[in-house]
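The next block holds one structure in the form of structure tokens; read it before the comments.
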Amino acid sequence: MARSSYFVLIIALAIVACGRRPAPTVTPAAPIAPAQRLVPMPVEMALRDGLYTFTPTTLVAATSPDFAFSARFLADHIGQAVGPDPLKVEVTATPPGGAITIRQTADDAALGEEGYVLEVRPEGITILAARPAGAFYGVQTLRQLLPPAWEYEALRPPRKSAPPVTLPAMEITDRPRFEWRGAMLDVSRHFLSVDEVKRYVDLMALHKLNRLHLHLADDQGWRIEITSWPNLTTHGGSTEVGGGPGGFYTQAEYSDIVRYAADRFITIVPEIDMPGHTNAALSSYPELNCDGVAPPLYTGTEVGFSTLCVDKEITYKFIEDVVREISKVTPGPYFHVGGDEVEKLTDEQYRRFIERVQGIVQLQGKRMIGWDEIAPANLQPGAIVQHWRPKTTPAEAVGKGAKVIMSVANRAYIDMKYDANTPIGLTWAGIVDVKTSYDWNPADEAPGVPEAALLGVEAPLWAETIASIRDVEFLAFPRLAAIAEIGWSRQRDRDWDDFRVRLGSQGSRWVALGVNFYRAPEIPWR
Ligand code: NGO
């Protein structure tokens with residue numbers, strides 16, 4: 001070859017080499033061992049000899065009507081993946097051989113509210129649980145062991161020649177570390193529709209999360225109908241960050257969300273943030289302002305500038321009405337009063353306000369939750385503090401008997417960016433990559449807050465930069481699965497390198513579910 005040709009060849013190779021993007025980490029599609037398919041990781045898991053084979057006539061049986069929802073869920077999931085018709089469901093005390101049976105056991109002590117045993121044998125599959133939530137979590141574990149392709153909504157019956165679907169025999173015994181495994185959606189900064197919230201509920205259920213905290217009111221929008229103060233939604237709900245149209249839930253729509261979540265063993269936790277973060281309310285009712293003048297609606301993202309007028313009686317009448325109306329449509333035992341970032345009151349004014357509101361919440365039979373700023377108030381037994389500010393501790397509240405939900409922002413805030421190039425998200429608490437969100441122990445996070453003081457963990461998703469459920473999914477996945485595992489699995493069993501691999505195998509399931517997840521480069525997606 002002539003020298004000039006060599007030259008051209010070298011230049012061409014250099015161009016190709018420079019233009020090539022680094023190959024994503026993709027592991028070839030070898031069969032995934034059962035233990036690698038599960039997030040969160042169960043307490044105990046042992047493989048046994050033999051295989052269970054799914055057939056078109058497999059029956060899903062529940063021994064108690066309380067377990068029928070879980071049986072139906074499983075039958076619908078397996079649905080047409082194994083035959084032309086959906087699987088049959090039966091509530092019966094004596095299920096036939098070969099069935100998938102969800103069986104109630106009297107062994108409450110070992111399994112508790114949420115524990116289960118999953119036995120896969122060649123002769124049949126059994127999920128044992130003492131309570132309906134445990135049965136549901138057993139079903140979610142079985143679901144994660146089944147082919148991800150079964151999640152596709154357009155799945156069609158298999159070809160006649162397709163090999164039968166089997167599952168290796170195994171036994172799993174499982175129960176959660178914490179009773180509170182939460183996620184929060186901020187529907188104030190940007191509104192999400194009922195269907196979008198239900199979609200989040202579905203994705204939470206897959207990873208055994210059980211509390212959905214809805215941040216229903218903030219400066220930028222009031223999102224739940226209060227019939228005695230209608231302007232809150234007609235005016236206060238009419239915009240959002242950036243000036244979009246906002247929106248709100250009627251109480252009937254909110255009840256629909258509550259029911260949908262409850263079916264999936266998720267308790268809705270309503271939050272009305274006060275006395276700060278209240279511009280939407282202040283703009284809707286001039287009498288809530290100390291000067292009697294309603295400010296304009298707000299569509300920016302500053303915090304700390306608004307407060308209810310704590311010296312006016314009408315303020316407490318307003319709060320009583322709001323807490324009463326929302327409590328009536330909220331079967332769960334919690335009411336979150338916010339309490340964060342108040343810059344316009346003295347400490348004394350703030351404390352007195354929180355203590356008075358605590359009485360109002362108790363009168364409605366609810367447990368008060370507040371962000372960690374409420375810790376110095378005189379908290380009553382049963383109060384719950386949500387810890388969010390890094391480098392502070394709510395130990396003072398723990399001393400008064402309060403329980404803590406750990407949501408420390410530099411670990412659990414999934415509205416933070418994954419890295420400097422993440423197109424949406426905030427950075428004030430730092431960059432929260434997947435390892436940062438996973439590799440920590442809630443019991444070591446705040447001095448004076450030991451394991452026994454913890455109710456659990458929660459991943460808040462603030463919505464300053466989130467305009468749609470697609471954005472929600474992008475910031476939540478995969479980090480929400482990391483928080484779910486922290487909430488469920490024992491600390492001594494958790495290990496980042498092992499988690500990375502198990503998280504990687506969630507990718508194909510999320511693809512099948514249409515989840516817009518972030519393909520974090522440190523995860524071996526498959
Ligand atoms: C803070 C603030 C919110 C912001 C969020 C953004 C709390 C409890 N108050 O968290 O208003 O939206 O940060 O990350």
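Each chain of the structure tokens is named A, B, ... in the order shown, its residues numbered from 1; ligands are numbered from 1 in display order.
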
Could you pull out the residues sitting within 7 Å of ligand 1, using only C-alpha atoms and all ligand atoms, and write them as a CSV table (one decimal) with N, CA and C atoms, in the first residue's frame?
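Result saved to selection-v7.csv:
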```
chain,number,residue,atom,x,y,z
A,303,VAL,N,-38.3,29.3,48.5
A,303,VAL,CA,-39.0,28.8,49.6
A,303,VAL,C,-38.9,29.8,50.8
A,340,ASP,N,-42.1,22.8,57.7
A,340,ASP,CA,-40.7,23.1,57.3
A,340,ASP,C,-40.5,24.5,56.8
A,341,GLU,N,-39.2,25.0,57.0
A,341,GLU,CA,-38.7,26.2,56.4
A,341,GLU,C,-39.6,27.4,56.6
A,371,TRP,N,-42.2,17.7,59.3
A,371,TRP,CA,-40.7,17.7,58.9
A,371,TRP,C,-39.9,18.0,60.2
A,388,TRP,N,-35.1,15.3,57.4
A,388,TRP,CA,-34.7,15.5,56.0
A,388,TRP,C,-33.4,16.4,55.9
A,413,TYR,N,-33.5,11.9,49.0
A,413,TYR,CA,-34.2,12.8,48.2
A,413,TYR,C,-34.0,12.4,46.7
A,415,ASP,N,-35.3,13.7,44.2
A,415,ASP,CA,-35.3,14.8,43.3
A,415,ASP,C,-33.9,15.4,43.0
A,416,MET,N,-32.9,14.9,43.7
A,416,MET,CA,-31.5,15.3,43.4
A,416,MET,C,-31.1,14.7,42.1
A,426,LEU,N,-32.6,18.7,41.2
A,426,LEU,CA,-31.9,19.7,42.0
A,426,LEU,C,-30.6,19.2,42.4
A,462,TRP,N,-39.6,15.8,45.2
A,462,TRP,CA,-40.1,17.1,45.1
A,462,TRP,C,-40.2,17.5,43.6
A,463,ALA,N,-41.1,18.3,43.2
A,463,ALA,CA,-41.5,18.4,41.8
A,463,ALA,C,-41.2,19.8,41.2
A,464,GLU,N,-40.2,20.5,41.7
A,464,GLU,CA,-39.9,21.8,41.1
A,464,GLU,C,-39.5,21.6,39.6
```

### Query
Can you list every residue in stretch 180-214 of chain A that DSSP puts in strand (DSSP E), as a PyMOL selection string?
chain A and resi 180-186+211-214

Residues from the last selection, N, CA and C atoms, saved as a CSV table (one decimal), in the first residue's frame:
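The resulting result-v1.csv:
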```
chain,number,residue,atom,x,y,z
A,180,TRP,N,-42.5,1.3,58.0
A,180,TRP,CA,-42.8,2.4,57.1
A,180,TRP,C,-41.8,2.4,55.9
A,181,ARG,N,-42.3,2.1,54.7
A,181,ARG,CA,-41.4,2.0,53.5
A,181,ARG,C,-42.1,2.9,52.5
A,182,GLY,N,-41.7,4.2,52.5
A,182,GLY,CA,-42.5,5.2,51.9
A,182,GLY,C,-41.9,5.9,50.7
A,183,ALA,N,-42.8,6.5,49.9
A,183,ALA,CA,-42.5,7.4,48.8
A,183,ALA,C,-43.3,8.6,48.9
A,184,MET,N,-42.8,9.7,48.5
A,184,MET,CA,-43.6,11.0,48.5
A,184,MET,C,-43.7,11.6,47.1
A,185,LEU,N,-44.9,12.0,46.7
A,185,LEU,CA,-45.0,12.7,45.5
A,185,LEU,C,-45.5,14.2,45.8
A,186,ASP,N,-44.8,15.1,45.3
A,186,ASP,CA,-45.1,16.6,45.4
A,186,ASP,C,-46.0,16.9,44.3
A,211,ARG,N,-46.3,3.1,51.9
A,211,ARG,CA,-46.8,4.4,52.3
A,211,ARG,C,-46.6,5.3,51.2
A,212,LEU,N,-47.7,6.0,50.7
A,212,LEU,CA,-47.6,7.0,49.7
A,212,LEU,C,-48.0,8.4,50.3
A,213,HIS,N,-47.0,9.2,50.5
A,213,HIS,CA,-47.2,10.5,51.2
A,213,HIS,C,-47.5,11.5,50.0
A,214,LEU,N,-48.6,12.2,50.0
A,214,LEU,CA,-49.0,13.1,49.0
A,214,LEU,C,-48.8,14.5,49.6
```

### Query
Using only C-alpha atoms, which residue out of A:Leu379, A:Leu38, A:Val82, A:Ala452 lies closest to A:Gly507?
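Using only C-alpha atoms, A:Gly507 sits closest to A:Leu38.
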
### Task
Excluding A:Ser407 and residues on its chain fewer than 6 positions from it, collect all residues at most 10 Å away from it, counting only C-alpha atoms, and give them as a VMD selection string.
chain A and resid 182 to 183 371 to 372 386 to 390 413 to 414 442 445 456 to 460 483

### Task
Taking the DSSP assignment computed from this structure's backbone, write out as a ChimeraX atom specification all residues of stretch 78-321 of chain A that belong to helix (DSSP H, G or I).
/A:78-81,108-111,132-145,148-151,194-206,231-234,241-243,251-263,279-284,286-288,313-321

#### Entry: Residue neighbourhood stretch 99-110 of chain A, 10 Å, only C-alpha atoms, exclusion window fewer than 3 positions, as a VMD selection string
chain A and resid 54 to 55 57 to 64 66 to 68 70 to 71 74 to 75 89 to 96 113 to 120 123 to 132 134 to 136 138 to 139 173 to 175

### Query
Near stretch 236-252 of chain A, within 7 Å and counting only C-alpha atoms, which residues show up once chain neighbours fewer than 3 positions away are dropped, as a VMD selection string?
chain A and resid 188 to 191 220 to 225 231 to 233 255 to 256 280 to 281 283 to 284 299 to 301 464

### Message
I'd like the contact shell of A:Val165 - 12 Å cut-off, only C-alpha atoms, skipping same-chain residues fewer than 4 positions apart - returned as a PyMOL selection string.
### Response
chain A and resi 51-56+58+78+81-83+145-147+150+158

### Message
List the spatial neighbours of A:Glu348 as a ChimeraX atom specification - criterion: any atom at most 10 Å away, only C-alpha atoms, same-chain residues fewer than 4 positions off excluded.
### Response
/A:352-353,377

#### Entry: Which residue of A:Thr166, A:Thr436, A:Thr267, A:Ser306 approaches A:Arg121 most closely, using only C-alpha atoms
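Residue with the minimum atom-to-atom distance to A:Arg121: A:Thr166.
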
#### Entry: Nearest-residue call for A:Gly359, choices A:Ala169, A:Val501, A:Val337, A:Leu345, using only C-alpha atoms
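With only C-alpha atoms as the atom set, the closest residue is A:Val337.
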
### Task
Just give me the gap between atom CA of A:Val511 and atom CA of A:Leu203 in Å, one decimal is fine.
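Between atom CA of A:Val511 and atom CA of A:Leu203 the gap is 12.3 Å.
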
#### Entry: Coordinates-based distance that separates atom CA of A:Ala429 from atom CA of A:Lys417 (Å, one decimal)
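Distance between the two atoms: 9.5 Å.
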